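Asker: Next up, coords.pdb (PDB, N, CA and C atoms).
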MODEL        1
ATOM      1  N   MET G   1     134.681  82.595  74.833
ATOM      2  CA  MET G   1     133.449  83.243  74.424
ATOM      3  C   MET G   1     132.733  82.337  73.429
ATOM      4  N   THR G   2     131.473  82.070  73.663
ATOM      5  CA  THR G   2     130.693  81.192  72.810
ATOM      6  C   THR G   2     129.694  82.015  72.015
ATOM      7  N   LEU G   3     129.674  81.800  70.712
ATOM      8  CA  LEU G   3     128.700  82.483  69.870
ATOM      9  C   LEU G   3     127.434  81.652  69.802
ATOM     10  N   GLN G   4     126.298  82.329  69.834
ATOM     11  CA  GLN G   4     125.024  81.632  69.758
ATOM     12  C   GLN G   4     124.467  81.753  68.353
ATOM     13  N   SER G   5     123.871  80.684  67.909
ATOM     14  CA  SER G   5     123.198  80.743  66.618
ATOM     15  C   SER G   5     121.868  81.475  66.797
ATOM     16  N   PRO G   6     121.265  81.952  65.712
ATOM     17  CA  PRO G   6     119.958  82.635  65.840
ATOM     18  C   PRO G   6     118.888  81.752  66.472
ATOM     19  N   ASP G   7     118.960  80.441  66.244
ATOM     20  CA  ASP G   7     117.979  79.537  66.845
ATOM     21  C   ASP G   7     118.121  79.505  68.362
ATOM     22  N   ASP G   8     119.368  79.527  68.865
ATOM     23  CA  ASP G   8     119.592  79.532  70.308
ATOM     24  C   ASP G   8     119.053  80.806  70.943
ATOM     25  N   ARG G   9     119.227  81.927  70.259
ATOM     26  CA  ARG G   9     118.723  83.192  70.803
ATOM     27  C   ARG G   9     117.205  83.188  70.868
ATOM     28  N   ARG G  10     116.550  82.616  69.889
ATOM     29  CA  ARG G  10     115.099  82.540  69.915
ATOM     30  C   ARG G  10     114.622  81.703  71.096
ATOM     31  N   ASP G  11     115.323  80.632  71.405
ATOM     32  CA  ASP G  11     114.948  79.794  72.545
ATOM     33  C   ASP G  11     115.077  80.577  73.847
ATOM     34  N   ASP G  12     116.126  81.401  73.976
ATOM     35  CA  ASP G  12     116.291  82.209  75.169
ATOM     36  C   ASP G  12     115.157  83.216  75.297
ATOM     37  N   ASP G  13     114.765  83.825  74.186
ATOM     38  CA  ASP G  13     113.673  84.796  74.209
ATOM     39  C   ASP G  13     112.360  84.131  74.613
ATOM     40  N   LYS G  14     112.135  82.920  74.135
ATOM     41  CA  LYS G  14     110.900  82.218  74.476
ATOM     42  C   LYS G  14     110.854  81.945  75.975
ATOM     43  N   GLY G  15     111.977  81.591  76.570
ATOM     44  CA  GLY G  15     112.008  81.305  77.994
ATOM     45  C   GLY G  15     111.681  82.526  78.827
ATOM     46  N   SER G  16     112.241  83.673  78.489
ATOM     47  CA  SER G  16     111.970  84.878  79.262
ATOM     48  C   SER G  16     110.547  85.355  79.032
ATOM     49  N   SER G  17     110.035  85.198  77.821
ATOM     50  CA  SER G  17     108.669  85.609  77.530
ATOM     51  C   SER G  17     107.679  84.706  78.252
ATOM     52  N   THR G  18     107.950  83.436  78.314
ATOM     53  CA  THR G  18     107.070  82.512  79.031
ATOM     54  C   THR G  18     107.066  82.848  80.515
ATOM     55  N   SER G  19     108.211  83.201  81.049
ATOM     56  CA  SER G  19     108.282  83.554  82.453
ATOM     57  C   SER G  19     107.485  84.830  82.737
ATOM     58  N   ALA G  20     107.597  85.814  81.870
ATOM     59  CA  ALA G  20     106.842  87.056  82.050
ATOM     60  C   ALA G  20     105.345  86.797  81.920
ATOM     61  N   GLU G  21     104.980  85.925  80.997
ATOM     62  CA  GLU G  21     103.564  85.593  80.834
ATOM     63  C   GLU G  21     103.024  84.880  82.061
ATOM     64  N   SER G  22     103.789  83.970  82.614
ATOM     65  CA  SER G  22     103.303  83.252  83.783
ATOM     66  C   SER G  22     103.150  84.187  84.977
ATOM     67  N   VAL G  23     104.065  85.150  85.120
ATOM     68  CA  VAL G  23     103.943  86.129  86.197
ATOM     69  C   VAL G  23     102.683  86.966  86.002
ATOM     70  N   ALA G  24     102.442  87.403  84.774
ATOM     71  CA  ALA G  24     101.255  88.214  84.486
ATOM     72  C   ALA G  24      99.977  87.427  84.752
ATOM     73  N   PHE G  25      99.936  86.170  84.336
ATOM     74  CA  PHE G  25      98.744  85.361  84.562
ATOM     75  C   PHE G  25      98.533  85.065  86.040
ATOM     76  N   LEU G  26      99.601  84.832  86.778
ATOM     77  CA  LEU G  26      99.459  84.612  88.221
ATOM     78  C   LEU G  26      98.905  85.856  88.905
ATOM     79  N   LEU G  27      99.421  87.007  88.537
ATOM     80  CA  LEU G  27      98.966  88.247  89.145
ATOM     81  C   LEU G  27      97.510  88.535  88.799
ATOM     82  N   LEU G  28      97.185  88.426  87.531
ATOM     83  CA  LEU G  28      95.820  88.671  87.098
ATOM     84  C   LEU G  28      94.854  87.639  87.695
ATOM     85  N   GLY G  29      95.264  86.397  87.700
ATOM     86  CA  GLY G  29      94.416  85.342  88.255
ATOM     87  C   GLY G  29      94.159  85.524  89.733
ATOM     88  N   GLY G  30      95.173  85.946  90.482
ATOM     89  CA  GLY G  30      94.994  86.175  91.916
ATOM     90  C   GLY G  30      94.011  87.293  92.202
ATOM     91  N   VAL G  31      94.150  88.390  91.457
ATOM     92  CA  VAL G  31      93.253  89.527  91.670
ATOM     93  C   VAL G  31      91.820  89.172  91.265
ATOM     94  N   VAL G  32      91.665  88.520  90.118
ATOM     95  CA  VAL G  32      90.315  88.162  89.647
ATOM     96  C   VAL G  32      89.662  87.148  90.583
ATOM     97  N   THR G  33      90.422  86.189  91.065
ATOM     98  CA  THR G  33      89.877  85.208  92.000
ATOM     99  C   THR G  33      89.463  85.871  93.311
ATOM    100  N   GLY G  34      90.323  86.745  93.829
ATOM    101  CA  GLY G  34      89.979  87.475  95.048
ATOM    102  C   GLY G  34      88.745  88.335  94.863
ATOM    103  N   LEU G  35      88.638  88.963  93.690
ATOM    104  CA  LEU G  35      87.466  89.777  93.378
ATOM    105  C   LEU G  35      86.202  88.927  93.358
ATOM    106  N   GLY G  36      86.280  87.773  92.718
ATOM    107  CA  GLY G  36      85.118  86.890  92.630
ATOM    108  C   GLY G  36      84.691  86.337  93.979
ATOM    109  N   VAL G  37      85.662  85.884  94.761
ATOM    110  CA  VAL G  37      85.338  85.332  96.082
ATOM    111  C   VAL G  37      84.778  86.429  96.985
ATOM    112  N   GLY G  38      85.399  87.604  96.958
ATOM    113  CA  GLY G  38      84.912  88.714  97.775
ATOM    114  C   GLY G  38      83.513  89.148  97.380
ATOM    115  N   ALA G  39      83.252  89.240  96.080
ATOM    116  CA  ALA G  39      81.924  89.627  95.612
ATOM    117  C   ALA G  39      80.888  88.568  95.989
ATOM    118  N   GLY G  40      81.278  87.301  95.935
ATOM    119  CA  GLY G  40      80.361  86.228  96.332
ATOM    120  C   GLY G  40      80.003  86.306  97.803
ATOM    121  N   ILE G  41      80.987  86.557  98.638
ATOM    122  CA  ILE G  41      80.716  86.693 100.075
ATOM    123  C   ILE G  41      79.843  87.927 100.316
ATOM    124  N   ASP G  42      80.154  89.040  99.635
ATOM    125  CA  ASP G  42      79.329  90.243  99.771
ATOM    126  C   ASP G  42      77.884  89.988  99.359
ATOM    127  N   TRP G  43      77.698  89.225  98.319
ATOM    128  CA  TRP G  43      76.348  88.919  97.850
ATOM    129  C   TRP G  43      75.588  88.089  98.884
ATOM    130  N   LEU G  44      76.310  87.161  99.529
ATOM    131  CA  LEU G  44      75.665  86.309 100.535
ATOM    132  C   LEU G  44      75.280  87.081 101.797
ATOM    133  N   VAL G  45      76.167  87.956 102.255
ATOM    134  CA  VAL G  45      75.921  88.636 103.535
ATOM    135  C   VAL G  45      75.492  90.086 103.354
ATOM    136  N   LYS G  46      75.287  90.532 102.117
ATOM    137  CA  LYS G  46      74.781  91.883 101.790
ATOM    138  C   LYS G  46      75.646  92.998 102.387
ATOM    139  N   THR G  47      76.974  92.902 102.189
ATOM    140  CA  THR G  47      77.897  93.912 102.725
ATOM    141  C   THR G  47      78.731  94.566 101.643
ATOM    142  N   PHE G  48      78.213  94.632 100.416
ATOM    143  CA  PHE G  48      78.986  95.180  99.300
ATOM    144  C   PHE G  48      79.480  96.579  99.631
ATOM    145  N   PRO G  49      80.703  96.925  99.438
ATOM    146  CA  PRO G  49      81.847  96.309  98.798
ATOM    147  C   PRO G  49      82.916  95.824  99.767
ATOM    148  N   LEU G  50      82.577  95.603 101.008
ATOM    149  CA  LEU G  50      83.569  95.272 102.031
ATOM    150  C   LEU G  50      84.445  94.082 101.645
ATOM    151  N   PHE G  51      83.852  92.932 101.420
ATOM    152  CA  PHE G  51      84.638  91.737 101.134
ATOM    153  C   PHE G  51      85.203  91.735  99.707
ATOM    154  N   THR G  52      84.600  92.509  98.809
ATOM    155  CA  THR G  52      85.157  92.632  97.462
ATOM    156  C   THR G  52      86.526  93.305  97.527
ATOM    157  N   VAL G  53      86.611  94.389  98.280
ATOM    158  CA  VAL G  53      87.885  95.109  98.426
ATOM    159  C   VAL G  53      88.907  94.235  99.152
ATOM    160  N   ILE G  54      88.478  93.606 100.227
ATOM    161  CA  ILE G  54      89.384  92.715 100.970
ATOM    162  C   ILE G  54      89.856  91.572 100.070
ATOM    163  N   GLY G  55      88.937  91.000  99.289
ATOM    164  CA  GLY G  55      89.288  89.896  98.390
ATOM    165  C   GLY G  55      90.312  90.296  97.346
ATOM    166  N   VAL G  56      90.198  91.507  96.811
ATOM    167  CA  VAL G  56      91.167  91.975  95.815
ATOM    168  C   VAL G  56      92.556  92.067  96.441
ATOM    169  N   PHE G  57      92.639  92.653  97.640
ATOM    170  CA  PHE G  57      93.943  92.788  98.287
ATOM    171  C   PHE G  57      94.523  91.437  98.707
ATOM    172  N   VAL G  58      93.696  90.555  99.206
ATOM    173  CA  VAL G  58      94.174  89.221  99.588
ATOM    174  C   VAL G  58      94.611  88.444  98.339
ATOM    175  N   GLY G  59      93.835  88.547  97.264
ATOM    176  CA  GLY G  59      94.219  87.888  96.006
ATOM    177  C   GLY G  59      95.528  88.412  95.461
ATOM    178  N   PHE G  60      95.725  89.728  95.552
ATOM    179  CA  PHE G  60      96.979  90.331  95.096
ATOM    180  C   PHE G  60      98.150  89.839  95.937
ATOM    181  N   ALA G  61      97.961  89.802  97.254
ATOM    182  CA  ALA G  61      99.035  89.344  98.143
ATOM    183  C   ALA G  61      99.376  87.877  97.884
ATOM    184  N   LEU G  62      98.359  87.047  97.705
ATOM    185  CA  LEU G  62      98.615  85.632  97.421
ATOM    186  C   LEU G  62      99.275  85.443  96.055
ATOM    187  N   ALA G  63      98.915  86.291  95.091
ATOM    188  CA  ALA G  63      99.561  86.216  93.782
ATOM    189  C   ALA G  63     101.033  86.590  93.883
ATOM    190  N   LEU G  64     101.347  87.613  94.669
ATOM    191  CA  LEU G  64     102.755  87.976  94.869
ATOM    192  C   LEU G  64     103.523  86.845  95.542
ATOM    193  N   TYR G  65     102.886  86.193  96.495
ATOM    194  CA  TYR G  65     103.526  85.052  97.155
ATOM    195  C   TYR G  65     103.741  83.901  96.165
ATOM    196  N   ALA G  66     102.773  83.655  95.301
ATOM    197  CA  ALA G  66     102.908  82.598  94.289
ATOM    198  C   ALA G  66     104.033  82.949  93.312
ATOM    199  N   ILE G  67     104.164  84.216  92.957
ATOM    200  CA  ILE G  67     105.253  84.637  92.072
ATOM    201  C   ILE G  67     106.592  84.450  92.768
ATOM    202  N   TYR G  68     106.638  84.770  94.060
ATOM    203  CA  TYR G  68     107.860  84.547  94.826
ATOM    204  C   TYR G  68     108.250  83.074  94.815
ATOM    205  N   LEU G  69     107.281  82.203  95.055
ATOM    206  CA  LEU G  69     107.570  80.766  95.036
ATOM    207  C   LEU G  69     107.987  80.285  93.654
ATOM    208  N   GLU G  70     107.401  80.870  92.603
ATOM    209  CA  GLU G  70     107.730  80.479  91.235
ATOM    210  C   GLU G  70     109.158  80.877  90.854
ATOM    211  N   THR G  71     109.613  82.018  91.357
ATOM    212  CA  THR G  71     110.938  82.515  90.982
ATOM    213  C   THR G  71     112.027  82.124  91.973
ATOM    214  N   LYS G  72     111.668  81.477  93.042
ATOM    215  CA  LYS G  72     112.630  81.086  94.090
ATOM    216  C   LYS G  72     113.625  80.085  93.606
TER     217      LYS G  72
ENDMDL
END
Can you give me the file's structure in the form of structure tokens?
Answerer:
Amino acid sequence: MTLQSPDDRRDDDKGSSTSAESVAFLLLGGVVTGLGVGAGIDWLVKTFPLFTVIGVFVGFALALYAIYLETK
């Protein structure tokens, strides 16, 4: 059994917190990007909110895939 010093425990906490932050940013970034691209397409072809909704779902799905690749 190995005892960890307080400094070692802080390093472990930073690693898990960084991982959670990266997952949150990937998820948020995917949804926001999908929202922006969908809204842009809707603005061009005057079909609001069709592509905005599709863009949000596609962005969410791609973000989940990116999280899967990150944690693989």
Asker: Need to verify the contact set: Phe51 of chain G, 6 Å, only N, CA and C atoms, exclusion of same-chain residues closer than 3 positions in sequence. Can you return it as a list of chain:residue names?
Answerer: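 Counting only N, CA and C atoms, the residues come to G:Val37, G:Gly38, G:Ala39, G:Asp42, G:Thr47, G:Phe48, G:Ile54, G:Gly55, G:Val56.
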Asker: Residues at most 5 Å from Gly30 of chain G, counting all atoms listed in the file, excluding those fewer than 5 positions away in the same chain, as a VMD selection string?
Answerer: chain G and resid 59 to 60 63
Asker: Rounded to one decimal in Å, what is the spacing between atom CA of Ser19 of chain G and atom C of Val53 of chain G?
Answerer: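 Going from atom CA of Ser19 of chain G over to atom C of Val53 of chain G, I get 27.7 Å.
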Asker: Record the distance separating atom CA of Ser22 of chain G and atom N of Gly34 of chain G, expressed in Å with one decimal.
Answerer: 16.8 Å
Asker: Write out as a list in words the residues lying within 8 Å of Ala66 of chain G, counting all atoms listed in the file and excluding same-chain residues fewer than 4 positions away.
Answerer: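 Answer for this query is Val23, Leu26, Leu27, Phe60, Ala61, Leu62, Glu70, Thr71 and Lys72 of chain G.
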Asker: Quote the spacing between atom CA of Ile67 of chain G and atom CA of Pro49 of chain G in Å to one decimal place.
Answerer: 27.0 Å
